[in-house]
Every structure is written in C-alpha cells, then in structure tokens.
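Asker: One file is attached below, start07.txt, containing compact mmCIF, C-alpha atoms.
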# COMPACT_ATOMS: atom_id res chain seq x y z
CA MET A 1 -182.90 48.59 66.19
CA ALA A 2 -179.67 49.15 68.10
CA LYS A 3 -177.01 46.73 67.01
CA SER A 4 -174.33 45.27 69.23
CA ILE A 5 -170.72 46.21 68.65
CA THR A 6 -169.95 42.87 66.99
CA GLN A 7 -172.84 43.41 64.60
CA GLU A 8 -171.55 46.89 63.74
CA PHE A 9 -168.21 45.29 62.93
CA ALA A 10 -169.68 42.37 60.99
CA LYS A 11 -171.94 44.46 58.76
CA GLY A 12 -168.88 45.90 57.01
CA LEU A 13 -167.81 42.41 55.99
CA TRP A 14 -170.96 41.41 54.14
CA GLU A 15 -174.14 43.46 54.58
CA GLU A 16 -172.62 46.79 53.66
CA ILE A 17 -169.33 45.64 52.16
CA PRO A 18 -167.80 48.44 50.11
CA PRO A 19 -167.65 48.87 47.17
CA PHE A 20 -170.23 46.20 46.31
CA ARG A 21 -173.10 47.01 48.65
CA LEU A 22 -172.02 50.59 49.21
CA VAL A 23 -171.09 51.75 45.73
CA LEU A 24 -168.70 54.47 46.86
CA GLY A 25 -165.02 55.22 46.53
CA LEU A 26 -164.60 53.54 43.18
CA CYS A 27 -161.48 55.37 42.06
CA PRO A 28 -158.93 53.40 44.11
CA VAL A 29 -160.94 50.22 43.52
CA LEU A 30 -160.47 50.54 39.78
CA GLY A 31 -157.12 52.25 39.79
CA VAL A 32 -154.87 50.12 41.97
CA THR A 33 -156.22 46.60 41.65
CA THR A 34 -153.90 45.40 38.90
CA THR A 35 -152.30 43.06 41.45
CA MET A 36 -153.39 41.59 44.76
CA GLU A 37 -150.47 43.20 46.59
CA ASN A 38 -151.56 46.69 45.53
CA GLY A 39 -155.11 45.90 46.60
CA ILE A 40 -154.04 44.83 50.08
CA GLY A 41 -151.75 47.85 50.51
CA MET A 42 -154.40 50.32 49.44
CA GLY A 43 -157.01 48.59 51.58
CA LEU A 44 -154.86 48.71 54.71
CA ALA A 45 -153.98 52.38 54.17
CA THR A 46 -157.68 53.22 53.81
CA THR A 47 -158.56 51.12 56.87
CA PHE A 48 -156.06 53.03 58.98
CA VAL A 49 -157.43 56.40 57.90
CA LEU A 50 -161.02 55.23 58.31
CA LEU A 51 -160.44 53.85 61.80
CA CYS A 52 -158.53 56.90 63.08
CA SER A 53 -160.89 59.44 61.55
CA ASN A 54 -163.94 57.59 62.86
CA ILE A 55 -162.50 57.60 66.38
CA LEU A 56 -161.55 61.27 66.30
CA VAL A 57 -164.85 62.38 64.78
CA SER A 58 -166.71 60.39 67.41
CA VAL A 59 -164.62 61.87 70.23
CA LEU A 60 -165.23 65.39 68.97
CA ARG A 61 -168.86 64.91 67.95
CA ASN A 62 -170.20 67.11 70.75
CA VAL A 63 -167.63 69.83 70.10
CA ILE A 64 -167.94 70.21 66.32
CA PRO A 65 -170.75 72.62 65.36
CA SER A 66 -172.95 70.84 62.85
CA LYS A 67 -172.85 73.73 60.35
CA VAL A 68 -169.14 73.37 59.66
CA ARG A 69 -168.92 69.63 60.26
CA ILE A 70 -167.95 68.69 56.69
CA ALA A 71 -164.95 71.04 56.74
CA CYS A 72 -163.91 69.62 60.11
CA PHE A 73 -164.21 66.04 58.84
CA ILE A 74 -162.06 66.86 55.82
CA ILE A 75 -159.33 68.36 58.00
CA ILE A 76 -159.36 65.35 60.33
CA ILE A 77 -159.20 62.92 57.40
CA ALA A 78 -156.47 64.91 55.64
CA THR A 79 -154.37 64.84 58.81
CA PHE A 80 -154.44 61.06 58.96
CA VAL A 81 -153.76 60.77 55.24
CA ILE A 82 -150.59 62.80 55.75
CA VAL A 83 -149.65 60.44 58.60
CA VAL A 84 -150.05 57.46 56.26
CA GLU A 85 -148.03 59.19 53.52
CA GLN A 86 -145.19 59.99 55.92
CA LEU A 87 -145.20 56.47 57.37
CA MET A 88 -145.07 54.84 53.95
CA GLN A 89 -142.17 57.06 52.92
CA ALA A 90 -140.27 56.31 56.12
CA TYR A 91 -139.98 52.53 55.79
CA ALA A 92 -137.89 51.05 53.00
CA SER A 93 -139.94 47.85 52.95
CA ILE A 94 -143.16 49.61 51.93
CA TYR A 95 -141.70 52.52 49.97
CA PRO A 96 -141.89 50.67 46.60
CA LEU A 97 -145.59 50.07 47.27
CA TYR A 98 -146.04 53.78 47.98
CA LEU A 99 -144.52 54.58 44.61
CA LYS A 100 -146.81 52.09 42.88
CA LEU A 101 -149.97 53.42 44.52
CA GLY A 102 -148.82 56.95 43.65
CA VAL A 103 -151.57 59.53 43.51
CA PHE A 104 -154.14 57.22 45.11
CA ILE A 105 -152.67 57.60 48.61
CA PRO A 106 -153.29 61.38 48.86
CA LEU A 107 -156.63 60.69 47.18
CA ILE A 108 -157.88 58.85 50.29
CA VAL A 109 -158.84 62.37 51.44
CA VAL A 110 -161.61 62.53 48.86
CA ASN A 111 -162.61 58.88 49.16
CA CYS A 112 -166.36 59.02 49.67
CA ILE A 113 -166.33 55.98 51.96
CA VAL A 114 -164.22 57.70 54.61
CA LEU A 115 -166.22 60.94 54.53
CA GLY A 116 -169.45 58.99 54.27
CA ARG A 117 -168.76 56.94 57.43
CA ALA A 118 -167.78 60.08 59.36
CA GLU A 119 -170.99 61.81 58.34
CA ALA A 120 -173.41 58.88 58.49
CA PHE A 121 -172.02 56.97 61.46
CA ALA A 122 -169.22 58.38 63.60
CA PHE A 123 -170.87 61.78 64.08
CA LYS A 124 -173.88 60.13 65.72
CA ASN A 125 -172.44 57.15 67.60
CA SER A 126 -170.24 56.35 70.58
CA ILE A 127 -166.49 55.80 70.30
CA ALA A 128 -166.54 52.01 70.65
CA ARG A 129 -169.26 51.62 68.03
CA SER A 130 -167.49 54.00 65.64
CA MET A 131 -164.29 52.00 66.05
CA ALA A 132 -166.11 48.77 65.25
CA ASP A 133 -167.78 50.38 62.26
CA GLY A 134 -164.52 51.85 60.90
CA LEU A 135 -162.64 48.60 61.35
CA GLY A 136 -165.41 46.51 59.79
CA ILE A 137 -165.90 48.70 56.75
CA GLY A 138 -162.12 49.04 56.36
CA ILE A 139 -161.51 45.29 56.46
CA GLY A 140 -164.41 44.73 54.09
CA PHE A 141 -162.87 47.25 51.70
CA THR A 142 -159.47 45.52 51.97
CA LEU A 143 -161.06 42.13 51.24
CA SER A 144 -162.91 43.39 48.17
CA LEU A 145 -159.81 45.17 46.85
CA SER A 146 -157.62 42.10 47.30
CA ALA A 147 -160.26 39.82 45.77
CA LEU A 148 -160.60 42.06 42.73
CA GLY A 149 -156.81 42.40 42.51
CA ALA A 150 -156.35 38.63 42.74
CA VAL A 151 -158.92 37.94 40.02
CA ARG A 152 -157.38 40.48 37.69
CA GLU A 153 -153.84 39.30 38.38
CA ILE A 154 -154.64 35.62 37.85
CA ILE A 155 -156.54 36.18 34.62
CA GLY A 156 -154.28 38.94 33.34
CA ASN A 157 -150.85 37.53 34.25
CA GLY A 158 -151.54 33.91 35.09
CA THR A 159 -149.69 34.23 38.40
CA LEU A 160 -150.26 35.50 41.91
CA THR A 161 -147.34 37.07 43.77
CA LEU A 162 -147.08 38.58 47.22
CA TYR A 163 -143.89 40.40 48.20
CA GLU A 164 -142.08 38.87 45.23
CA LYS A 165 -142.94 35.33 46.37
CA PRO A 166 -145.03 33.47 43.80
CA LEU A 167 -148.05 31.96 45.53
CA PHE A 168 -149.80 30.41 42.63
CA ASN A 169 -149.20 29.81 38.96
CA ILE A 170 -152.10 28.90 36.75
CA VAL A 171 -149.83 27.25 34.15
CA SER A 172 -149.23 24.37 36.58
CA PHE A 173 -152.97 23.58 36.47
CA VAL A 174 -153.80 24.49 32.89
CA PRO A 175 -150.62 24.14 30.81
CA SER A 176 -152.07 25.80 27.71
CA PHE A 177 -153.16 28.96 29.59
CA GLN A 178 -152.53 32.22 27.77
CA PRO A 179 -152.57 35.44 29.89
CA PHE A 180 -155.65 37.50 29.10
CA GLU A 181 -153.94 40.86 29.12
CA PHE A 182 -157.16 42.85 28.81
CA MET A 183 -157.82 42.29 32.52
CA VAL A 184 -154.77 44.18 33.80
CA LYS A 185 -155.39 47.09 31.41
CA PRO A 186 -157.78 49.93 32.38
CA PRO A 187 -160.85 48.63 30.48
CA GLY A 188 -160.54 45.30 32.28
CA ALA A 189 -160.95 47.07 35.63
CA PHE A 190 -164.42 48.31 34.75
CA VAL A 191 -165.53 44.98 33.29
CA ALA A 192 -164.13 42.93 36.20
CA LEU A 193 -165.83 45.16 38.79
CA GLY A 194 -169.10 45.12 36.84
CA LEU A 195 -169.08 41.32 36.67
CA MET A 196 -168.20 40.99 40.38
CA LEU A 197 -171.09 43.31 41.22
CA CYS A 198 -173.33 41.08 39.11
CA ILE A 199 -172.16 37.97 40.98
CA MET A 200 -172.78 39.71 44.32
CA ASN A 201 -176.29 40.59 43.15
CA VAL A 202 -177.00 36.98 42.20
CA ILE A 203 -175.81 35.72 45.61
CA GLY A 204 -177.52 38.48 47.56
CA LYS A 205 -180.94 38.31 45.91
CA LYS A 206 -181.64 34.73 47.04
CA MET B 207 -146.77 75.34 20.44
CA GLY B 208 -146.39 71.77 19.19
CA ASP B 209 -145.68 70.66 22.75
CA TYR B 210 -148.97 72.09 23.90
CA ILE B 211 -150.90 70.27 21.19
CA VAL B 212 -149.29 66.98 22.21
CA LEU B 213 -150.08 67.76 25.86
CA ILE B 214 -153.73 68.52 25.08
CA ILE B 215 -154.22 65.38 23.01
CA SER B 216 -152.52 63.19 25.58
CA CYS B 217 -154.62 64.65 28.42
CA ILE B 218 -157.96 64.41 26.61
CA PHE B 219 -157.62 61.06 24.87
CA VAL B 220 -154.59 59.01 25.85
CA ASN B 221 -154.54 59.65 29.60
CA ASN B 222 -158.24 60.35 29.89
CA ILE B 223 -158.87 61.18 33.52
CA LEU B 224 -161.92 58.92 33.86
CA LEU B 225 -161.16 55.99 31.64
CA ALA B 226 -157.40 55.59 31.88
CA GLN B 227 -156.53 57.10 35.28
CA PHE B 228 -159.74 56.23 37.13
CA LEU B 229 -160.24 59.54 38.86
CA GLY B 230 -163.69 61.00 39.41
CA ASN B 231 -165.60 57.76 38.97
CA CYS B 232 -168.26 58.48 41.60
CA PRO B 233 -169.78 61.41 39.68
CA PHE B 234 -169.13 59.48 36.47
CA LEU B 235 -171.54 56.75 37.57
CA GLY B 236 -173.74 59.01 39.69
CA THR B 237 -174.58 61.81 37.28
CA SER B 238 -174.59 59.95 33.99
CA LYS B 239 -178.14 58.64 34.05
CA LYS B 240 -179.48 61.70 32.25
CA MET B 241 -177.84 63.77 29.55
CA GLU B 242 -178.86 67.02 31.24
CA THR B 243 -177.13 66.29 34.53
CA ALA B 244 -174.07 64.99 32.70
CA VAL B 245 -173.70 68.27 30.81
CA GLY B 246 -174.13 70.26 34.06
CA MET B 247 -171.48 68.22 35.83
CA ALA B 248 -169.07 68.47 32.90
CA MET B 249 -169.38 72.27 32.79
CA ALA B 250 -168.90 72.60 36.54
CA VAL B 251 -165.78 70.40 36.47
CA ILE B 252 -164.18 72.37 33.61
CA PHE B 253 -164.85 75.62 35.45
CA VAL B 254 -163.49 74.55 38.83
CA LEU B 255 -160.62 72.39 37.63
CA VAL B 256 -158.93 75.18 35.65
CA MET B 257 -159.16 77.55 38.62
CA ALA B 258 -158.03 74.92 41.11
CA GLY B 259 -155.12 73.92 38.87
CA ALA B 260 -153.88 77.50 38.70
CA ILE B 261 -154.30 78.28 42.40
CA THR B 262 -152.78 75.06 43.73
CA TRP B 263 -149.79 75.50 41.41
CA LEU B 264 -149.20 79.03 42.74
CA ILE B 265 -149.60 77.93 46.36
CA TYR B 266 -147.27 74.99 45.89
CA THR B 267 -144.53 76.98 44.17
CA TYR B 268 -144.66 80.21 46.17
CA ILE B 269 -145.77 79.05 49.63
CA LEU B 270 -145.16 75.35 50.22
CA VAL B 271 -141.76 75.01 48.53
CA PRO B 272 -140.07 78.14 50.00
CA PHE B 273 -141.28 77.33 53.52
CA ASP B 274 -140.43 73.63 53.22
CA LEU B 275 -143.99 72.51 53.87
CA VAL B 276 -144.30 70.15 50.90
CA TYR B 277 -145.45 67.27 53.10
CA LEU B 278 -148.57 69.26 54.04
CA ARG B 279 -149.73 69.61 50.45
CA THR B 280 -152.67 67.20 50.84
CA ILE B 281 -154.32 69.27 53.56
CA PHE B 282 -153.49 72.58 51.82
CA PHE B 283 -154.91 71.47 48.49
CA ILE B 284 -158.13 70.06 49.85
CA LEU B 285 -158.80 73.21 51.85
CA VAL B 286 -158.04 75.40 48.84
CA ILE B 287 -160.39 73.38 46.66
CA ALA B 288 -163.17 73.35 49.25
CA SER B 289 -162.99 77.10 49.81
CA LEU B 290 -162.63 77.76 46.08
CA VAL B 291 -165.81 75.84 45.39
CA GLN B 292 -167.63 77.76 48.12
CA PHE B 293 -166.32 81.04 46.77
CA VAL B 294 -167.22 80.28 43.17
CA GLU B 295 -170.70 79.30 44.31
CA MET B 296 -171.25 82.59 46.13
CA PHE B 297 -169.78 84.59 43.26
CA LEU B 298 -171.96 82.93 40.63
CA LYS B 299 -175.09 83.25 42.75
CA LYS B 300 -174.58 87.02 42.99
CA SER B 301 -173.30 87.89 39.53
CA ILE B 302 -174.29 85.21 36.99
CA PRO B 303 -177.52 83.66 38.37
CA ALA B 304 -178.28 81.94 35.05
CA LEU B 305 -175.06 79.95 35.12
CA TYR B 306 -175.54 79.24 38.83
CA ALA B 307 -179.00 77.79 38.17
CA GLY B 308 -177.53 75.70 35.37
CA LEU B 309 -174.75 74.19 37.47
CA GLY B 310 -177.10 73.76 40.44
CA ILE B 311 -176.15 71.10 42.94
CA PHE B 312 -173.09 70.00 41.00
CA LEU B 313 -170.88 72.77 42.31
CA PRO B 314 -170.79 71.67 45.98
CA LEU B 315 -170.38 68.04 44.88
CA ILE B 316 -167.10 68.92 43.20
CA THR B 317 -165.30 69.28 46.52
CA THR B 318 -165.28 65.51 46.85
CA ASN B 319 -164.62 64.89 43.16
CA CYS B 320 -161.25 63.22 43.13
CA ALA B 321 -160.65 64.28 39.52
CA VAL B 322 -160.08 67.89 40.68
CA PHE B 323 -157.80 66.97 43.54
CA GLY B 324 -156.05 64.27 41.52
CA VAL B 325 -155.24 66.53 38.58
CA CYS B 326 -153.73 69.16 40.89
CA ILE B 327 -151.45 66.51 42.41
CA ILE B 328 -150.55 64.95 39.04
CA ASN B 329 -149.61 68.38 37.65
CA ILE B 330 -147.31 69.00 40.60
CA ASP B 331 -145.79 65.51 40.44
CA LYS B 332 -145.04 65.90 36.73
CA GLU B 333 -143.31 69.25 37.47
CA LEU B 334 -145.21 71.15 34.78
CA SER B 335 -144.74 74.90 34.35
CA PHE B 336 -147.60 77.27 35.20
CA MET B 337 -148.79 77.57 31.59
CA GLN B 338 -148.51 73.84 31.01
CA SER B 339 -150.44 72.99 34.14
CA MET B 340 -153.23 75.41 33.16
CA VAL B 341 -153.46 73.80 29.72
CA ALA B 342 -153.29 70.31 31.20
CA SER B 343 -156.03 71.11 33.73
CA PHE B 344 -158.31 72.36 30.99
CA ALA B 345 -157.57 69.37 28.76
CA TYR B 346 -158.15 66.86 31.58
CA ALA B 347 -161.45 68.56 32.41
CA ALA B 348 -162.47 68.52 28.75
CA GLY B 349 -161.63 64.81 28.61
CA PHE B 350 -163.76 64.27 31.71
CA GLY B 351 -166.66 66.10 30.06
CA LEU B 352 -166.27 64.21 26.80
CA ALA B 353 -166.25 60.79 28.48
CA LEU B 354 -169.14 61.71 30.80
CA ILE B 355 -171.38 62.99 28.01
CA LEU B 356 -170.60 60.03 25.73
CA PHE B 357 -171.35 57.66 28.59
CA ALA B 358 -174.62 59.42 29.43
CA GLY B 359 -175.70 59.04 25.80
CA VAL B 360 -175.02 55.30 25.87
CA ARG B 361 -176.71 54.94 29.24
CA GLU B 362 -179.90 56.60 28.04
CA ARG B 363 -180.10 53.98 25.31
CA ILE B 364 -179.47 51.15 27.77
CA LEU B 365 -182.57 52.22 29.72
CA LEU B 366 -184.63 51.08 26.74
CA ALA B 367 -182.90 47.72 26.47
CA ARG B 368 -183.80 44.62 28.45
CA VAL B 369 -180.94 43.95 30.84
CA PRO B 370 -180.81 40.71 32.92
CA ARG B 371 -181.80 41.47 36.51
CA PRO B 372 -178.49 40.86 38.32
CA LEU B 373 -176.70 43.07 35.81
CA GLN B 374 -179.04 46.02 36.16
CA ASP B 375 -178.01 49.55 37.07
CA THR B 376 -174.42 49.94 38.30
CA SER B 377 -173.23 46.59 37.05
CA ILE B 378 -174.17 47.16 33.40
CA GLY B 379 -172.99 50.75 33.80
CA LEU B 380 -169.50 49.57 34.74
CA ILE B 381 -169.33 47.08 31.90
CA THR B 382 -170.42 49.79 29.44
CA ALA B 383 -167.76 52.08 30.89
CA GLY B 384 -165.27 49.29 30.25
CA MET B 385 -166.27 49.19 26.59
CA ILE B 386 -165.91 52.97 26.26
CA SER B 387 -162.56 52.73 27.98
CA LEU B 388 -161.54 50.11 25.43
CA ILE B 389 -162.38 52.55 22.64
CA PHE B 390 -160.28 55.26 24.28
CA PHE B 391 -157.51 52.70 24.65
CA ALA B 392 -157.15 52.78 20.89
CA PHE B 393 -155.82 56.36 21.15
CA LYS B 394 -152.68 55.00 22.87
CA GLY B 395 -150.81 54.96 19.58
CA MET B 396 -151.45 58.64 18.89
CA VAL B 397 -148.78 60.21 21.08
What is this structure when it is put down as structure tokens?
Answerer:
Amino acid sequence: MAKSITQEFAKGLWEEIPPFRLVLGLCPVLGVTTTMENGIGMGLATTFVLLCSNILVSVLRNVIPSKVRIACFIIIIATFVIVVEQLMQAYASIYPLYLKLGVFIPLIVVNCIVLGRAEAFAFKNSIARSMADGLGIGIGFTLSLSALGAVREIIGNGTLTLYEKPLFNIVSFVPSFQPFEFMVKPPGAFVALGLMLCIMNVIGKK
Amino acid sequence: MGDYIVLIISCIFVNNILLAQFLGNCPFLGTSKKMETAVGMAMAVIFVLVMAGAITWLIYTYILVPFDLVYLRTIFFILVIASLVQFVEMFLKKSIPALYAGLGIFLPLITTNCAVFGVCIINIDKELSFMQSMVASFAYAAGFGLALILFAGVRERILLARVPRPLQDTSIGLITAGMISLIFFAFKGMV
C-alpha cells in the first residue's frame, strides 16, 4: 500500500494529474489559459503555494487540533499566497504577468486543489512525502495548464509566444490558416477543457 | 439610477461571474446535477455574497487602508468570509430553521467558493462605492444563480440522452457549459 517517495511524486504527473483526473480547481484552469505563458505562470505560482503549504501543514500536523484544522490550513495557504503576490509585484520582469493573471493570484487561497492536498495528504503524511506530493501535483497542474493554454493559443491566434519570442507560427505550415477566435474567448475555454477531458478518458480507459 | 441599471445588467449578463469570469466553477459543476441542489446553492450564494461584499468593503476602507495593511487583504478577506459563513449558519439554525434546512450543506461549502472571494476582490479593485459594491455583489450573485439553474435544467435533460462513453459526466458538462457561455456572450453588445 505504502508508496515510495518517487511514486508519490510521479502520481501527480499522470495518475492523479489535476485538473483531468482530479477535477478540482477549475477556475484558474478556465480563466487564465488564453495563452501558454499565462498557463505556465499560474501553474508555477500554484506549485509554490502547494509545496510550501504542504510542507508547513506536514510539519505542524501533530500540533494542529483536528477540530480547527481547516481554518489553520486556510491561514497557512493565505500566508503563502501573500508571499507570491508580494514577490510578483517586486520584480519588474514578472509584474506584467501579475497584472494579466489579476484576480486569479489571490484566488489561489480558495483553490480546492491546495486545500484538498493539505487535508487529504499533508495532514497525514511525513514531510518528505508531503513535499513529493506537493511538487508532483503542482508540476502536473502546470503541465495541464500550459498544454491547455498552448492548444487554445495555437487554434485561437495561430501563434505560440513565450516572453514575446515567437516559438511557432501555424501559418508557416498551413498557409491558408484562419485563427479560430472562439477558442481564446470564454466559451472556448469550457469546450477545450471538455474535449481534453474526453481525450484523457479515451487514453486512460484502455 | 441609470448607472445602477447598467451596473446590474453588466454584472448579471455581460460579465457573468460563472460564464465570463470563470469564478465559482467547482460548485457550478458539482451541484448542477439536480435542479433542487442548484436552487439551494444559488440561494445560499446570493445570501452570503451580499453580506460578504458589504463587510469586506467596510473592512478594506476603514481598517486596511488607514493602517496601511492593504497587502494583507487576502488573509483578512478569507478569514472574514469563513467566519461570516459560520456565523450565518449558527444564526439561521437558531432563528430560521426552515431556511437553514433548505440551504443545508451548501452554506459551509461557500467558504471555498471562489465566486464569493473573487467578487469581493473585484469590487475593491474596481474602486466601487459602498452602494455600488452592494448592488454589484447582489447582481453577480443573481447571475451566478441564473447560470447555475439554467445549467441544471440542461443537465437534467442530458441524463436522458445517450452520450458517448468518453464524453460522459464532466466532459459533456463542460461542453454544455461552453454552449451556455456562448449564449451569454451574445449579451456583450448590450452595455
């Protein structure tokens, strides 16, 4: 039953990859993934909070009374979210990204994935395992967000840019390509995520 | 007065909290399988969101700004919302048991509903006045309820349809939500 630390880390990348296997924390998934860059930024911010809160919850798991544990988790998570907010405001290179992500950065506090991992995993497991779990789930979340962002950006804009450097332009492969603007608009977010979930189901069921 | 009407329309339809701003999607997908639960959730959100909007506005303007603690707003707001929900729950249980039974388990769930927290932050970021933020909170909550109840209606019909296996459940739910969002998108020209 007990998994090794590598397995705890690896399960976040496929077995329990959020938000596909663990359908939680959909708001940032839908809200920020208009471009790949936003997806990566949001994913890394969430990973940081997830990792730090998992470690702290695990360290304090014998101190926190179980009756008020949810309130304690929320305070721990909120503290790290403020750290992320302050860090992103402090560096000029990531400040534009902070402005783009807007309300979704403070909203990491109520992201069910972070609270869910604290409750379901970190409160019951050792520090090393909680670290592996937080890092795995966080990286899995970053991967899904960037994949969704990349798909939407390619179909919606026809290009893929990272830090203002164009990586890929679909017009060079298919000259007659017309951007399918629906994908970068809000309705496209729901449809793209629904279709990706469907693809994951097809792959996973085999 | 005209300003308020524009504000209400833009909050309910144009900037619908669920379908255009993507806040509160977990309860949107989680509680929309049955009409009954959808109505319960919608009522609970309207109730809490208006109160949370008012209280966070007062705290921000009269405590955080004068003492230069604006950077702590995230932790302040989440604690206020969590304790407000707890308080409302106790109050309703004692004084209006019928309403309490109706809202049931949806009240505690609201603490982690990002729509509530998100609207409080959006109101502050847009620098609305007290009256405006009350009206906006109510309109956002009404928009949440409208979208949730519409979606629950569609979802009850989908149960009767034959959906391909990989698309079942959440997947078809999201695609349906996309279609409803597309309909709401048409309101963009109104304001």
Asker: Per residue of chain B within 9 Å of chain A, record the nearest atom pair and its distance in Å to one decimal, counting all atoms listed in the file, with rows in chain order and ascending residue number, as JSON lines.
Answerer:
{"residue": "B:Leu224", "atom": "CA", "partner": "A:Cys27", "partner_atom": "CA", "distance": 8.9}
{"residue": "B:Leu225", "atom": "CA", "partner": "A:Pro186", "partner_atom": "CA", "distance": 7.0}
{"residue": "B:Ala226", "atom": "CA", "partner": "A:Pro186", "partner_atom": "CA", "distance": 5.7}
{"residue": "B:Gln227", "atom": "CA", "partner": "A:Gly31", "partner_atom": "CA", "distance": 6.6}
{"residue": "B:Phe228", "atom": "CA", "partner": "A:Cys27", "partner_atom": "CA", "distance": 5.3}
{"residue": "B:Leu229", "atom": "CA", "partner": "A:Cys27", "partner_atom": "CA", "distance": 5.4}
{"residue": "B:Gly230", "atom": "CA", "partner": "A:Cys27", "partner_atom": "CA", "distance": 6.6}
{"residue": "B:Asn231", "atom": "CA", "partner": "A:Cys27", "partner_atom": "CA", "distance": 5.7}
{"residue": "B:Cys232", "atom": "CA", "partner": "A:Leu26", "partner_atom": "CA", "distance": 6.3}
{"residue": "B:Tyr277", "atom": "CA", "partner": "A:Ile82", "partner_atom": "CA", "distance": 7.3}
{"residue": "B:Leu278", "atom": "CA", "partner": "A:Ile82", "partner_atom": "CA", "distance": 7.0}
{"residue": "B:Arg279", "atom": "CA", "partner": "A:Ile82", "partner_atom": "CA", "distance": 8.7}
{"residue": "B:Thr280", "atom": "CA", "partner": "A:Pro106", "partner_atom": "CA", "distance": 6.2}
{"residue": "B:Ile281", "atom": "CA", "partner": "A:Ala78", "partner_atom": "CA", "distance": 5.3}
{"residue": "B:Ile284", "atom": "CA", "partner": "A:Ile74", "partner_atom": "CA", "distance": 7.8}
{"residue": "B:Leu285", "atom": "CA", "partner": "A:Ile75", "partner_atom": "CA", "distance": 7.9}
{"residue": "B:Ala288", "atom": "CA", "partner": "A:Ala71", "partner_atom": "CA", "distance": 8.0}
{"residue": "B:Thr317", "atom": "CA", "partner": "A:Val110", "partner_atom": "CA", "distance": 8.0}
{"residue": "B:Thr318", "atom": "CA", "partner": "A:Val110", "partner_atom": "CA", "distance": 5.1}
{"residue": "B:Asn319", "atom": "CA", "partner": "A:Val110", "partner_atom": "CA", "distance": 6.9}
{"residue": "B:Cys320", "atom": "CA", "partner": "A:Val110", "partner_atom": "CA", "distance": 5.8}
{"residue": "B:Phe323", "atom": "CA", "partner": "A:Leu107", "partner_atom": "CA", "distance": 7.4}
{"residue": "B:Gly324", "atom": "CA", "partner": "A:Leu107", "partner_atom": "CA", "distance": 6.7}
{"residue": "B:Ile327", "atom": "CA", "partner": "A:Val103", "partner_atom": "CA", "distance": 7.1}
{"residue": "B:Ile328", "atom": "CA", "partner": "A:Val103", "partner_atom": "CA", "distance": 7.1}
{"residue": "B:Asp331", "atom": "CA", "partner": "A:Val103", "partner_atom": "CA", "distance": 8.9}
{"residue": "B:Arg371", "atom": "CA", "partner": "A:Asn201", "partner_atom": "CA", "distance": 8.7}
{"residue": "B:Pro372", "atom": "CA", "partner": "A:Cys198", "partner_atom": "CA", "distance": 5.2}
{"residue": "B:Leu373", "atom": "CA", "partner": "A:Cys198", "partner_atom": "CA", "distance": 5.1}
{"residue": "B:Gln374", "atom": "CA", "partner": "A:Cys198", "partner_atom": "CA", "distance": 8.1}
{"residue": "B:Thr376", "atom": "CA", "partner": "A:Gly194", "partner_atom": "CA", "distance": 7.3}
{"residue": "B:Ser377", "atom": "CA", "partner": "A:Gly194", "partner_atom": "CA", "distance": 4.4}
{"residue": "B:Ile378", "atom": "CA", "partner": "A:Gly194", "partner_atom": "CA", "distance": 6.5}
{"residue": "B:Gly379", "atom": "CA", "partner": "A:Gly194", "partner_atom": "CA", "distance": 7.5}
{"residue": "B:Leu380", "atom": "CA", "partner": "A:Gly194", "partner_atom": "CA", "distance": 4.9}
{"residue": "B:Ile381", "atom": "CA", "partner": "A:Val191", "partner_atom": "CA", "distance": 4.6}
{"residue": "B:Thr382", "atom": "CA", "partner": "A:Val191", "partner_atom": "CA", "distance": 7.9}
{"residue": "B:Ala383", "atom": "CA", "partner": "A:Phe190", "partner_atom": "CA", "distance": 6.3}
{"residue": "B:Gly384", "atom": "CA", "partner": "A:Pro187", "partner_atom": "CA", "distance": 4.5}
{"residue": "B:Met385", "atom": "CA", "partner": "A:Pro187", "partner_atom": "CA", "distance": 6.7}
{"residue": "B:Ile386", "atom": "CA", "partner": "A:Pro187", "partner_atom": "CA", "distance": 7.9}
{"residue": "B:Ser387", "atom": "CA", "partner": "A:Pro187", "partner_atom": "CA", "distance": 5.1}
{"residue": "B:Leu388", "atom": "CA", "partner": "A:Pro187", "partner_atom": "CA", "distance": 5.3}
{"residue": "B:Ile389", "atom": "CA", "partner": "A:Pro187", "partner_atom": "CA", "distance": 8.9}
{"residue": "B:Phe391", "atom": "CA", "partner": "A:Pro187", "partner_atom": "CA", "distance": 7.9}
Asker: Write out as a PyMOL selection string the residues lying within 10 Å of B:Val212, counting all atoms listed in the file and excluding same-chain residues fewer than 4 positions away.
Answerer: chain B and resi 207-208+216-217+396-397
Asker: In Å, with one decimal, what is the gap from atom CA of A:Phe73 to atom CA of A:Ala90?
Answerer: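 Rounded to one decimal, the two atoms are 26.0 Å apart.
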Asker: Ranking A:Val151, A:Ala128, A:Val171, A:Val68 by minimum distance to A:Glu8 and counting only C-alpha atoms, which one comes first?
Answerer: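 Closest candidate: A:Ala128.
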Asker: Using only C-alpha atoms, can you tell me which of A:Glu37, A:Ser144, A:Ala150, A:Asn54 comes closest to A:Pro96?
Answerer: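 Of A:Glu37, A:Ser144, A:Ala150, A:Asn54, the one nearest A:Pro96, counting only C-alpha atoms, is A:Glu37.
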Asker: How many Å lie between atom CA of A:Glu153 and atom CA of A:Met36, rounded to one decimal?
Answerer: 6.8 Å
Asker: Within 8 Å of A:Thr47, counting all atoms listed in the file, which residues qualify if same-chain residues fewer than 3 places away don't, as a count of residues only?
Answerer: 11
Asker: Atom CA of B:Lys239 to atom CA of B:Arg361: how many Å, to one decimal?
Answerer: 6.2 Å
Asker: What lies within 10 Å of A:Asn62 using only C-alpha atoms, ignoring chain neighbours under 5 positions off, as a list of chain:residue names?
Answerer: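 Once the adjacent positions are removed, what remains is A:Val57, A:Phe123, A:Lys124.
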